[in-house]
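> My structure is below; once you've seen it, I'll send some questions.
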Amino acid sequence: MVLSPVTPVQDVRMFLDPPFRAPTAVAPNGQAAPDDFNKLFPHLPPFAACEPTVIARIRELGKRTGLMDALDPRVTVTNPLAANDTETPHPTHPNRNPDNPNPDMTVGFTFLGQFIDHDLTFDPMPIRCGRTASPNLRSRFFDLDSVYGRGPDLDRLLYDRASELDRQAPVKFFVDFDAPRDLPRTSQLRAVIADPRNDENVITSQLHLAFLRFHNEVTDHLAAQRAGELAALAPAERPRRLFELTRESVRRHYQWVVVEQFLAATLDPAVLATVAAAGPTVYTGAGTQKIPREFQVAAYRFGHSQIRPGYKLNVGFGAPIFDARVDPREEDPNDLRGGRRAPRRFVEWDTFFDFGTKEVDPDTGAVRAKVKRNKRIDPYISSPMFDLPVGPGLVEPDDALKSLAGRNLERHLQHGLASGQDIATALGYTPLAAADLSELQPLGFESATPLWYYVLKEALVQQQGTRLGEVGSRIIAEVFYGLLLADSRSYLNCPGWTPDLPRRDGSTGGGFTMTDLLTFAGVA
């Protein structure tokens, strides 16, 4: 990593190194690391000090078998949905892994949310008290740099070079024709993609592949639709123009899905409507040049509570999301970790997003919807997430802190985040009462609660877990709209723009959803 006083604030530093070299977390030669993160509420005091006694209480809250552990039934390859089995409830507590009754919140939203997160932030800094400054290895905009990298001129490894003799620059992504259902990989099964975290699990890996194929299909569509415009250019200029037209179209349709489908299903409708109409009031001006820690460390990690213990990817394969007991050298392990290639490791998307597909219930013979509901938003985290395996975006081999909940909570101390109650007050909302958080009383956090836990409990108290509550919704709406409005190329800054690609039913105009995107990409 090369750092200098003239380094742009949002340079995509990840690509200053070869694609598969680990990003440097600490600047060399005593230089200060760039700080690409800020706070929405820098004037508020931390909810607690980053000191040993508090760390011990935080680890108690985030430990396996602790308060946040859903204590799921054993998930196996033969029963990947065991935690959702209401016929055999847990012997000592109610089901902590219930379906989300929100009809718009299907199980695929968890992984769409993760994909969006990887498009906005990549913080390489380890968890350590006092280490608050760190670079963001993403551009911070909704521009899919996690997919495009720096483009075909600088990151040619990501692009199809089959026709290199016929054109100056490739315009499509490379997809391995010998394994069209998988990401392109090296001989050591490293995914050849712009962000290695998108190979963390099979589902996110398959979603990244869908975006590669979506770009390629949009390329063919626009090559035909804009043939006259392209023909008027010099031959050497045509590939570059076609690539730019395609990337712009892909980005805007993706941004539309993010706002009109993902946010609409996830946030408190009243909060979303207010921010959409009036614009952000907290995340504004120069503040939008950085990503707020309240968003990155806390509010946007709400999706971790929606991860199921296991998933059925297709009719022939389902497994735990992660199983730390699996030998990491297995070529086709019985869990859903990424970095593997096998015929059964693919996703049938009509299980994850609502295509209207029906299936027969094998137990009753009744016809039912094939799509699965998402998990409720609440403070209970699926048990496999308390013992994360080694992998990109997960934990390093020598990292002793393997609880996802524990890692999230310790970051609050690292960055001195204010309590959920103080932030609610600062936003003009009535905070949750101490009685709503009484389970935290033994740990002393019922009146000054870590923001992530507060956001999860707020969703349960205010929305019964169907969507986020006021504070969680406001932080996310402020940041999403703030970033989109700060990007001159986003669809919000193009008055009158609406999706123009053909939808699943063949129509154009009027909207665009993930089912339309996956259909157009040819993966569903």
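Here, A, B, ... name the chains of the structure tokens in the order displayed, residue numbers run from 1 inside each chain, and ligands are numbered from 1 in the same displayed order.
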Quick one: residues within 10 Å of Pro431 (chain A), only C-alpha atoms counted, chain neighbours fewer than 2 positions away excluded, as a PyMOL selection string?
chain A and resi 420-429+433-434+436+447+454+458+470-471
> Those same residues, written as a compact mmCIF listing (two decimals), in the first residue's frame with C-alpha atoms?

# COMPACT_ATOMS: atom_id res chain seq x y z
CA GLY A 420 -28.26 3.27 21.34
CA GLN A 421 -30.21 5.36 23.85
CA ASP A 422 -28.05 8.47 23.34
CA ILE A 423 -28.26 8.13 19.57
CA ALA A 424 -32.04 7.69 19.69
CA THR A 425 -32.29 10.90 21.72
CA ALA A 426 -29.97 12.74 19.32
CA LEU A 427 -32.20 11.68 16.42
CA GLY A 428 -35.31 12.92 18.22
CA TYR A 429 -36.76 9.52 19.09
CA ALA A 433 -37.06 1.80 28.17
CA ALA A 434 -34.70 -0.05 30.50
CA ASP A 436 -37.27 -3.39 27.19
CA SER A 447 -29.37 1.82 30.23
CA TYR A 454 -29.99 -1.81 20.57
CA GLU A 458 -35.53 -2.09 18.75
CA GLU A 470 -36.59 3.95 14.14
CA VAL A 471 -32.89 4.28 14.97
> I want to know what sits within 10 Å of region 183-200 of chain A, based on only C-alpha atoms, with residues of the same chain fewer than 6 positions away left out; could you give that as a PyMOL selection string?
chain A and resi 14-15+19-20+22+111+114-115+118-119+122+137-138+144-151+155+157-159+173-177+206-210+212+331+336-341+390-394
> For Asp36 (chain A), which of A:Met125, A:Leu417, A:Val259, A:Ile381 is the closest residue, counting only C-alpha atoms?
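Ranking A:Met125, A:Leu417, A:Val259, A:Ile381 by distance to Asp36 (chain A), first place goes to A:Met125.
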> Out of region 128-268 of chain A, which residues get strand (DSSP E or B) from DSSP, as a PyMOL selection string?
chain A and resi 159+173+185+191+201
> List the neighbours of region 39-52 of chain A out to 10 Å using only C-alpha atoms; skip same-chain residues closer than 2 positions along the sequence, and give me the result as a PyMOL selection string.
chain A and resi 37+54-58+128-130+282-284+287-288+290-296+410-423+426-427+445+447-451+475+478-479
> Any idea what the distance is between CA of Val107 (chain A) and CA of Phe353 (chain A)?
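These atoms are spaced 7.0 Å apart.
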> Just want the 12 Å neighbourhood of Tyr453 (chain A), counted on only C-alpha atoms, with same-chain residues fewer than 5 positions away dropped. Output as a CSV table (one decimal) with all heavy atoms, in the first residue's frame.

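Written file, part-v5.csv:
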chain,number,residue,atom,x,y,z
A,58,ILE,N,-18.6,-7.5,27.6
A,58,ILE,CA,-19.0,-7.5,26.2
A,58,ILE,C,-18.8,-9.0,25.7
A,58,ILE,O,-19.6,-9.5,24.9
A,58,ILE,CB,-18.1,-6.5,25.4
A,58,ILE,CG1,-18.7,-5.1,25.5
A,58,ILE,CG2,-18.0,-7.0,23.9
A,58,ILE,CD1,-20.0,-4.9,24.8
A,61,LEU,N,-21.6,-11.1,26.8
A,61,LEU,CA,-22.8,-10.9,26.0
A,61,LEU,C,-22.7,-11.6,24.6
A,61,LEU,O,-23.7,-12.2,24.2
A,61,LEU,CB,-23.0,-9.4,25.8
A,61,LEU,CG,-24.2,-9.0,24.9
A,61,LEU,CD1,-25.5,-9.5,25.4
A,61,LEU,CD2,-24.2,-7.5,24.7
A,62,GLY,N,-21.5,-11.6,24.0
A,62,GLY,CA,-21.4,-12.1,22.7
A,62,GLY,C,-20.8,-13.5,22.6
A,62,GLY,O,-20.5,-14.0,21.5
A,67,LEU,N,-26.3,-14.9,25.9
A,67,LEU,CA,-27.6,-14.3,25.8
A,67,LEU,C,-28.0,-14.2,24.3
A,67,LEU,O,-29.2,-14.3,24.0
A,67,LEU,CB,-27.5,-12.9,26.4
A,67,LEU,CG,-28.8,-12.1,26.4
A,67,LEU,CD1,-29.9,-12.8,27.2
A,67,LEU,CD2,-28.6,-10.7,27.0
A,68,MET,N,-27.0,-13.9,23.4
A,68,MET,CA,-27.3,-13.7,22.0
A,68,MET,C,-27.4,-15.0,21.2
A,68,MET,O,-27.8,-15.0,20.0
A,68,MET,CB,-26.4,-12.7,21.4
A,68,MET,CG,-26.4,-11.3,22.0
A,68,MET,SD,-25.5,-10.1,21.1
A,68,MET,CE,-26.6,-9.8,19.7
A,297,VAL,N,-20.2,-0.3,11.7
A,297,VAL,CA,-19.9,-1.3,12.8
A,297,VAL,C,-21.2,-1.8,13.5
A,297,VAL,O,-21.2,-2.9,14.0
A,297,VAL,CB,-19.1,-0.5,13.9
A,297,VAL,CG1,-19.0,-1.4,15.2
A,297,VAL,CG2,-17.7,-0.3,13.4
A,298,ALA,N,-22.3,-1.0,13.4
A,298,ALA,CA,-23.5,-1.4,14.2
A,298,ALA,C,-24.8,-1.5,13.3
A,298,ALA,O,-25.2,-2.7,13.1
A,298,ALA,CB,-23.7,-0.3,15.2
A,299,ALA,N,-25.4,-0.4,12.9
A,299,ALA,CA,-26.7,-0.5,12.3
A,299,ALA,C,-26.8,-1.5,11.1
A,299,ALA,O,-27.7,-2.3,11.0
A,299,ALA,CB,-27.2,0.9,11.9
A,300,TYR,N,-25.8,-1.4,10.2
A,300,TYR,CA,-25.9,-2.2,9.0
A,300,TYR,C,-25.6,-3.7,9.2
A,300,TYR,O,-25.8,-4.5,8.4
A,300,TYR,CB,-25.1,-1.6,7.8
A,300,TYR,CG,-25.6,-2.2,6.5
A,300,TYR,CD1,-26.9,-1.9,6.0
A,300,TYR,CD2,-24.8,-3.0,5.8
A,300,TYR,CE1,-27.3,-2.5,4.9
A,300,TYR,CE2,-25.2,-3.6,4.6
A,300,TYR,CZ,-26.5,-3.3,4.2
A,300,TYR,OH,-27.0,-3.9,3.0
A,301,ARG,N,-25.1,-4.0,10.4
A,301,ARG,CA,-24.8,-5.4,10.7
A,301,ARG,C,-26.1,-6.1,11.3
A,301,ARG,O,-26.0,-7.2,11.7
A,301,ARG,CB,-23.7,-5.5,11.8
A,301,ARG,CG,-22.4,-4.9,11.2
A,301,ARG,CD,-21.2,-5.2,12.0
A,301,ARG,NE,-20.0,-4.6,11.4
A,301,ARG,CZ,-18.8,-5.2,11.4
A,301,ARG,NH1,-18.6,-6.3,12.0
A,301,ARG,NH2,-17.8,-4.5,10.8
A,302,PHE,N,-27.2,-5.4,11.1
A,302,PHE,CA,-28.5,-6.1,11.5
A,302,PHE,C,-28.7,-7.4,10.7
A,302,PHE,O,-29.3,-8.3,11.2
A,302,PHE,CB,-29.7,-5.2,11.2
A,302,PHE,CG,-30.1,-5.1,9.7
A,302,PHE,CD1,-31.0,-6.0,9.2
A,302,PHE,CD2,-29.5,-4.2,8.8
A,302,PHE,CE1,-31.4,-6.0,7.9
A,302,PHE,CE2,-29.8,-4.2,7.5
A,302,PHE,CZ,-30.8,-5.1,7.0
A,304,HIS,N,-26.7,-9.7,10.2
A,304,HIS,CA,-26.1,-10.9,10.9
A,304,HIS,C,-27.2,-11.6,11.7
A,304,HIS,O,-27.1,-12.9,11.9
A,304,HIS,CB,-25.0,-10.4,11.8
A,304,HIS,CG,-23.8,-9.9,11.0
A,304,HIS,ND1,-22.8,-9.3,11.6
A,304,HIS,CD2,-23.5,-10.0,9.7
A,304,HIS,CE1,-21.8,-8.9,10.7
A,304,HIS,NE2,-22.3,-9.4,9.6
A,305,SER,N,-28.2,-10.9,12.2
A,305,SER,CA,-29.2,-11.6,13.0
A,305,SER,C,-30.2,-12.4,12.1
A,305,SER,O,-31.0,-13.2,12.6
A,305,SER,CB,-30.0,-10.6,13.8
A,305,SER,OG,-31.1,-10.0,13.0
A,377,ILE,N,-35.7,-10.2,12.5
A,377,ILE,CA,-34.7,-9.4,13.0
A,377,ILE,C,-34.8,-9.3,14.5
A,377,ILE,O,-35.8,-8.8,15.0
A,377,ILE,CB,-34.7,-8.0,12.4
A,377,ILE,CG1,-34.7,-8.0,10.9
A,377,ILE,CG2,-33.5,-7.1,12.9
A,377,ILE,CD1,-34.9,-6.7,10.2
A,378,ASP,N,-33.8,-9.8,15.2
A,378,ASP,CA,-33.9,-9.8,16.7
A,378,ASP,C,-32.5,-10.0,17.3
A,378,ASP,O,-31.5,-10.1,16.5
A,378,ASP,CB,-34.8,-10.9,17.2
A,378,ASP,CG,-34.5,-12.3,16.7
A,378,ASP,OD1,-33.2,-12.6,16.5
A,378,ASP,OD2,-35.4,-13.1,16.5
A,379,PRO,N,-32.3,-10.0,18.6
A,379,PRO,CA,-30.9,-10.1,19.1
A,379,PRO,C,-30.4,-11.5,19.2
A,379,PRO,O,-29.3,-11.7,19.8
A,379,PRO,CB,-31.1,-9.6,20.6
A,379,PRO,CG,-32.4,-8.9,20.6
A,379,PRO,CD,-33.3,-9.6,19.6
A,380,TYR,N,-31.0,-12.5,18.5
A,380,TYR,CA,-30.6,-13.9,18.6
A,380,TYR,C,-29.9,-14.3,17.3
A,380,TYR,O,-30.4,-14.2,16.2
A,380,TYR,CB,-31.8,-14.8,18.9
A,380,TYR,CG,-32.6,-14.4,20.1
A,380,TYR,CD1,-33.9,-14.0,20.0
A,380,TYR,CD2,-31.9,-14.3,21.4
A,380,TYR,CE1,-34.6,-13.6,21.2
A,380,TYR,CE2,-32.6,-13.9,22.5
A,380,TYR,CZ,-34.0,-13.6,22.4
A,380,TYR,OH,-34.6,-13.1,23.5
A,381,ILE,N,-28.6,-14.7,17.5
A,381,ILE,CA,-27.8,-15.0,16.3
A,381,ILE,C,-27.6,-16.5,16.2
A,381,ILE,O,-27.5,-17.2,17.2
A,381,ILE,CB,-26.4,-14.3,16.5
A,381,ILE,CG1,-26.5,-12.9,16.9
A,381,ILE,CG2,-25.5,-14.5,15.3
A,381,ILE,CD1,-27.2,-12.0,15.9
A,405,ALA,N,-20.9,-12.3,16.9
A,405,ALA,CA,-21.5,-11.3,17.9
A,405,ALA,C,-20.4,-10.7,18.7
A,405,ALA,O,-20.4,-9.4,18.9
A,405,ALA,CB,-22.5,-12.0,18.8
A,406,GLY,N,-19.5,-11.4,19.2
A,406,GLY,CA,-18.4,-10.9,20.0
A,406,GLY,C,-17.5,-9.9,19.2
A,406,GLY,O,-17.1,-8.8,19.7
A,408,ASN,N,-18.5,-8.1,16.6
A,408,ASN,CA,-19.3,-6.9,16.3
A,408,ASN,C,-19.3,-6.0,17.6
A,408,ASN,O,-19.1,-4.8,17.5
A,408,ASN,CB,-20.7,-7.3,16.0
A,408,ASN,CG,-20.8,-7.8,14.6
A,408,ASN,OD1,-19.9,-7.8,13.8
A,408,ASN,ND2,-22.0,-8.4,14.3
A,409,LEU,N,-19.5,-6.6,18.7
A,409,LEU,CA,-19.6,-5.8,20.0
A,409,LEU,C,-18.3,-5.2,20.4
A,409,LEU,O,-18.2,-4.0,20.8
A,409,LEU,CB,-20.1,-6.7,21.1
A,409,LEU,CG,-21.6,-7.1,20.9
A,409,LEU,CD1,-21.9,-8.3,21.9
A,409,LEU,CD2,-22.5,-6.0,21.1
A,410,GLU,N,-17.2,-5.9,20.2
A,410,GLU,CA,-15.9,-5.3,20.6
A,410,GLU,C,-15.5,-4.1,19.7
A,410,GLU,O,-14.8,-3.2,20.1
A,410,GLU,CB,-14.8,-6.4,20.6
A,410,GLU,CG,-14.9,-7.3,21.7
A,410,GLU,CD,-13.6,-8.0,22.1
A,410,GLU,OE1,-12.5,-7.4,21.9
A,410,GLU,OE2,-13.7,-9.2,22.5
A,412,HIS,N,-17.5,-1.9,18.8
A,412,HIS,CA,-18.1,-0.7,19.4
A,412,HIS,C,-17.1,0.0,20.4
A,412,HIS,O,-17.1,1.2,20.5
A,412,HIS,CB,-19.4,-1.1,20.2
A,412,HIS,CG,-20.5,-1.4,19.3
A,412,HIS,ND1,-20.5,-2.4,18.3
A,412,HIS,CD2,-21.8,-1.0,19.3
A,412,HIS,CE1,-21.6,-2.5,17.7
A,412,HIS,NE2,-22.5,-1.7,18.3
A,419,SER,N,-24.1,5.0,23.0
A,419,SER,CA,-25.1,4.0,23.3
A,419,SER,C,-26.3,4.2,22.3
A,419,SER,O,-26.5,5.3,21.8
A,419,SER,CB,-25.6,4.2,24.7
A,419,SER,OG,-26.3,5.4,24.9
A,420,GLY,N,-27.1,3.2,22.1
A,420,GLY,CA,-28.3,3.3,21.3
A,420,GLY,C,-29.2,4.3,21.9
A,420,GLY,O,-29.9,5.0,21.1
A,421,GLN,N,-29.3,4.4,23.2
A,421,GLN,CA,-30.2,5.4,23.9
A,421,GLN,C,-29.8,6.8,23.5
A,421,GLN,O,-30.7,7.6,23.2
A,421,GLN,CB,-30.2,5.1,25.4
A,421,GLN,CG,-30.9,3.9,25.8
A,421,GLN,CD,-30.0,2.7,25.9
A,421,GLN,OE1,-28.9,2.7,25.3
A,421,GLN,NE2,-30.3,1.6,26.6
A,432,LEU,N,-35.7,3.2,23.8
A,432,LEU,CA,-36.3,2.1,24.5
A,432,LEU,C,-36.1,2.2,26.0
A,432,LEU,O,-35.1,2.7,26.5
A,432,LEU,CB,-35.6,0.8,24.0
A,432,LEU,CG,-35.7,0.4,22.6
A,432,LEU,CD1,-34.9,-0.9,22.3
A,432,LEU,CD2,-37.1,0.2,22.1
A,436,ASP,N,-37.4,-2.7,28.5
A,436,ASP,CA,-37.3,-3.4,27.2
A,436,ASP,C,-35.9,-4.1,27.0
A,436,ASP,O,-35.8,-5.0,26.2
A,436,ASP,CB,-37.4,-2.4,26.0
A,436,ASP,CG,-38.8,-1.8,26.0
A,436,ASP,OD1,-39.8,-2.5,26.2
A,436,ASP,OD2,-38.9,-0.6,25.7
A,437,LEU,N,-35.0,-3.7,27.8
A,437,LEU,CA,-33.6,-4.3,27.7
A,437,LEU,C,-33.2,-4.9,29.1
A,437,LEU,O,-32.0,-5.0,29.4
A,437,LEU,CB,-32.6,-3.2,27.4
A,437,LEU,CG,-32.9,-2.5,26.0
A,437,LEU,CD1,-32.3,-1.1,25.9
A,437,LEU,CD2,-32.3,-3.4,24.9
A,439,GLU,N,-32.9,-7.9,30.1
A,439,GLU,CA,-32.1,-9.0,30.0
A,439,GLU,C,-30.6,-8.6,30.1
A,439,GLU,O,-29.7,-9.4,30.4
A,439,GLU,CB,-32.3,-9.8,28.7
A,439,GLU,CG,-31.9,-9.2,27.4
A,439,GLU,CD,-32.9,-8.2,26.8
A,439,GLU,OE1,-33.8,-7.8,27.6
A,439,GLU,OE2,-32.7,-7.7,25.7
A,440,LEU,N,-30.3,-7.3,29.8
A,440,LEU,CA,-28.9,-6.9,29.9
A,440,LEU,C,-28.5,-6.4,31.3
A,440,LEU,O,-27.4,-6.0,31.5
A,440,LEU,CB,-28.7,-5.7,28.9
A,440,LEU,CG,-28.9,-6.1,27.4
A,440,LEU,CD1,-28.7,-4.8,26.6
A,440,LEU,CD2,-27.9,-7.1,27.0
A,445,PHE,N,-25.7,-3.2,30.9
A,445,PHE,CA,-25.9,-2.5,29.6
A,445,PHE,C,-27.3,-2.1,29.4
A,445,PHE,O,-27.7,-1.7,28.2
A,445,PHE,CB,-25.4,-3.4,28.5
A,445,PHE,CG,-23.9,-3.7,28.5
A,445,PHE,CD1,-23.5,-5.0,28.2
A,445,PHE,CD2,-23.0,-2.7,28.7
A,445,PHE,CE1,-22.1,-5.3,28.3
A,445,PHE,CE2,-21.6,-2.9,28.7
A,445,PHE,CZ,-21.2,-4.2,28.5
A,446,GLU,N,-28.2,-2.2,30.3
A,446,GLU,CA,-29.6,-2.0,30.1
A,446,GLU,C,-30.0,-0.5,29.8
A,446,GLU,O,-30.9,-0.2,29.2
A,446,GLU,CB,-30.5,-2.6,31.2
A,446,GLU,CG,-30.5,-1.7,32.5
A,446,GLU,CD,-29.3,-1.9,33.4
A,446,GLU,OE1,-28.3,-2.6,33.0
A,446,GLU,OE2,-29.3,-1.4,34.5
A,448,ALA,N,-27.3,1.8,29.0
A,448,ALA,CA,-26.3,2.3,28.0
A,448,ALA,C,-25.9,1.1,27.2
A,448,ALA,O,-25.0,0.3,27.5
A,448,ALA,CB,-25.1,2.9,28.7
A,458,GLU,N,-34.6,-3.1,19.2
A,458,GLU,CA,-35.5,-2.1,18.8
A,458,GLU,C,-36.4,-2.6,17.6
A,458,GLU,O,-37.6,-2.4,17.6
A,458,GLU,CB,-34.8,-0.8,18.3
A,458,GLU,CG,-35.7,0.3,17.7
A,458,GLU,CD,-34.9,1.3,17.0
A,458,GLU,OE1,-34.3,1.0,16.0
A,458,GLU,OE2,-35.0,2.5,17.4
A,459,ALA,N,-35.8,-3.4,16.7
A,459,ALA,CA,-36.6,-4.0,15.6
A,459,ALA,C,-37.6,-5.0,16.2
A,459,ALA,O,-38.8,-5.0,15.7
A,459,ALA,CB,-35.7,-4.7,14.7
A,460,LEU,N,-37.2,-5.7,17.2
A,460,LEU,CA,-38.2,-6.7,17.8
A,460,LEU,C,-39.3,-6.0,18.6
A,460,LEU,O,-40.4,-6.3,18.5
A,460,LEU,CB,-37.4,-7.6,18.7
A,460,LEU,CG,-38.1,-8.8,19.4
A,460,LEU,CD1,-38.7,-9.7,18.3
A,460,LEU,CD2,-37.2,-9.6,20.3
A,471,VAL,N,-34.3,3.9,15.0
A,471,VAL,CA,-32.9,4.3,15.0
A,471,VAL,C,-32.2,3.5,13.9
A,471,VAL,O,-31.4,4.1,13.1
A,471,VAL,CB,-32.2,4.0,16.3
A,471,VAL,CG1,-30.7,4.2,16.2
A,471,VAL,CG2,-32.8,5.0,17.4
A,472,GLY,N,-32.4,2.2,13.8
A,472,GLY,CA,-31.7,1.4,12.8
A,472,GLY,C,-32.1,1.9,11.4
A,472,GLY,O,-31.3,2.0,10.5
> So that I can see what lies close to Pro269 (chain A), please list as a ChimeraX atom specification the residues with an atom at most 10 Å from it, counting only C-alpha atoms and leaving out residues fewer than 3 positions away in the same chain.
/A:263-266,272-274,467-470,473
> Would you mind listing what lies within 6 Å of region 242-252 of chain A as a PDB file with N, CA and C atoms, in the first residue's frame, with only C-alpha atoms counted and same-chain residues fewer than 5 positions away left out?

ATOM      1  N   ASP A 143     -21.358   1.706  -6.620  1.00  0.00           N
ATOM      2  CA  ASP A 143     -20.843   1.674  -7.987  1.00  0.00           C
ATOM      3  C   ASP A 143     -20.340   0.300  -8.403  1.00  0.00           C
ATOM      4  N   VAL A 171     -14.786  -6.295 -22.961  1.00  0.00           N
ATOM      5  CA  VAL A 171     -15.975  -5.589 -22.500  1.00  0.00           C
ATOM      6  C   VAL A 171     -16.858  -6.466 -21.626  1.00  0.00           C
ATOM      7  N   THR A 219     -24.423  -6.230 -21.784  1.00  0.00           N
ATOM      8  CA  THR A 219     -23.514  -5.891 -22.884  1.00  0.00           C
ATOM      9  C   THR A 219     -24.102  -6.296 -24.221  1.00  0.00           C
ATOM     10  N   TYR A 491     -28.598   7.079  -9.964  1.00  0.00           N
ATOM     11  CA  TYR A 491     -29.885   7.311 -10.612  1.00  0.00           C
ATOM     12  C   TYR A 491     -30.685   8.410  -9.915  1.00  0.00           C
TER      13      TYR A 491
END
> I'd like to know which residues of region 374-499 of chain A are helix (DSSP H, G or I) (by DSSP, run on the backbone); could you write them as a count of residues only?
65
> How far is it from CA of Asn100 (chain A) to CA of Arg373 (chain A), in Å with one decimal?
6.1 Å
> Please identify every residue of region 487-509 of chain A that has at least one atom no farther than 12 Å from an atom of region 222-226 of chain A, counting only C-alpha atoms, and for each give the shortest atom pair and the distance in Å to one decimal, arranged by chain then increasing number, as CSV.

residue,atom,partner,partner_atom,distance
A:Asp500,CA,A:Leu222,CA,11.1
A:Leu501,CA,A:Leu222,CA,9.6
A:Pro502,CA,A:Leu222,CA,11.7
> Rounded to one decimal in Å, what is the spacing between CA of Ala400 (chain A) and CA of Arg325 (chain A)?
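Distance between the two atoms: 15.4 Å.
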> Find the residues around Phe142 (chain A) up to 8 Å (only C-alpha atoms counted), leave out those fewer than 2 positions away in its own chain, and share them as a PyMOL selection string.
chain A and resi 116+119-120+140+144+251+255+483-484+490
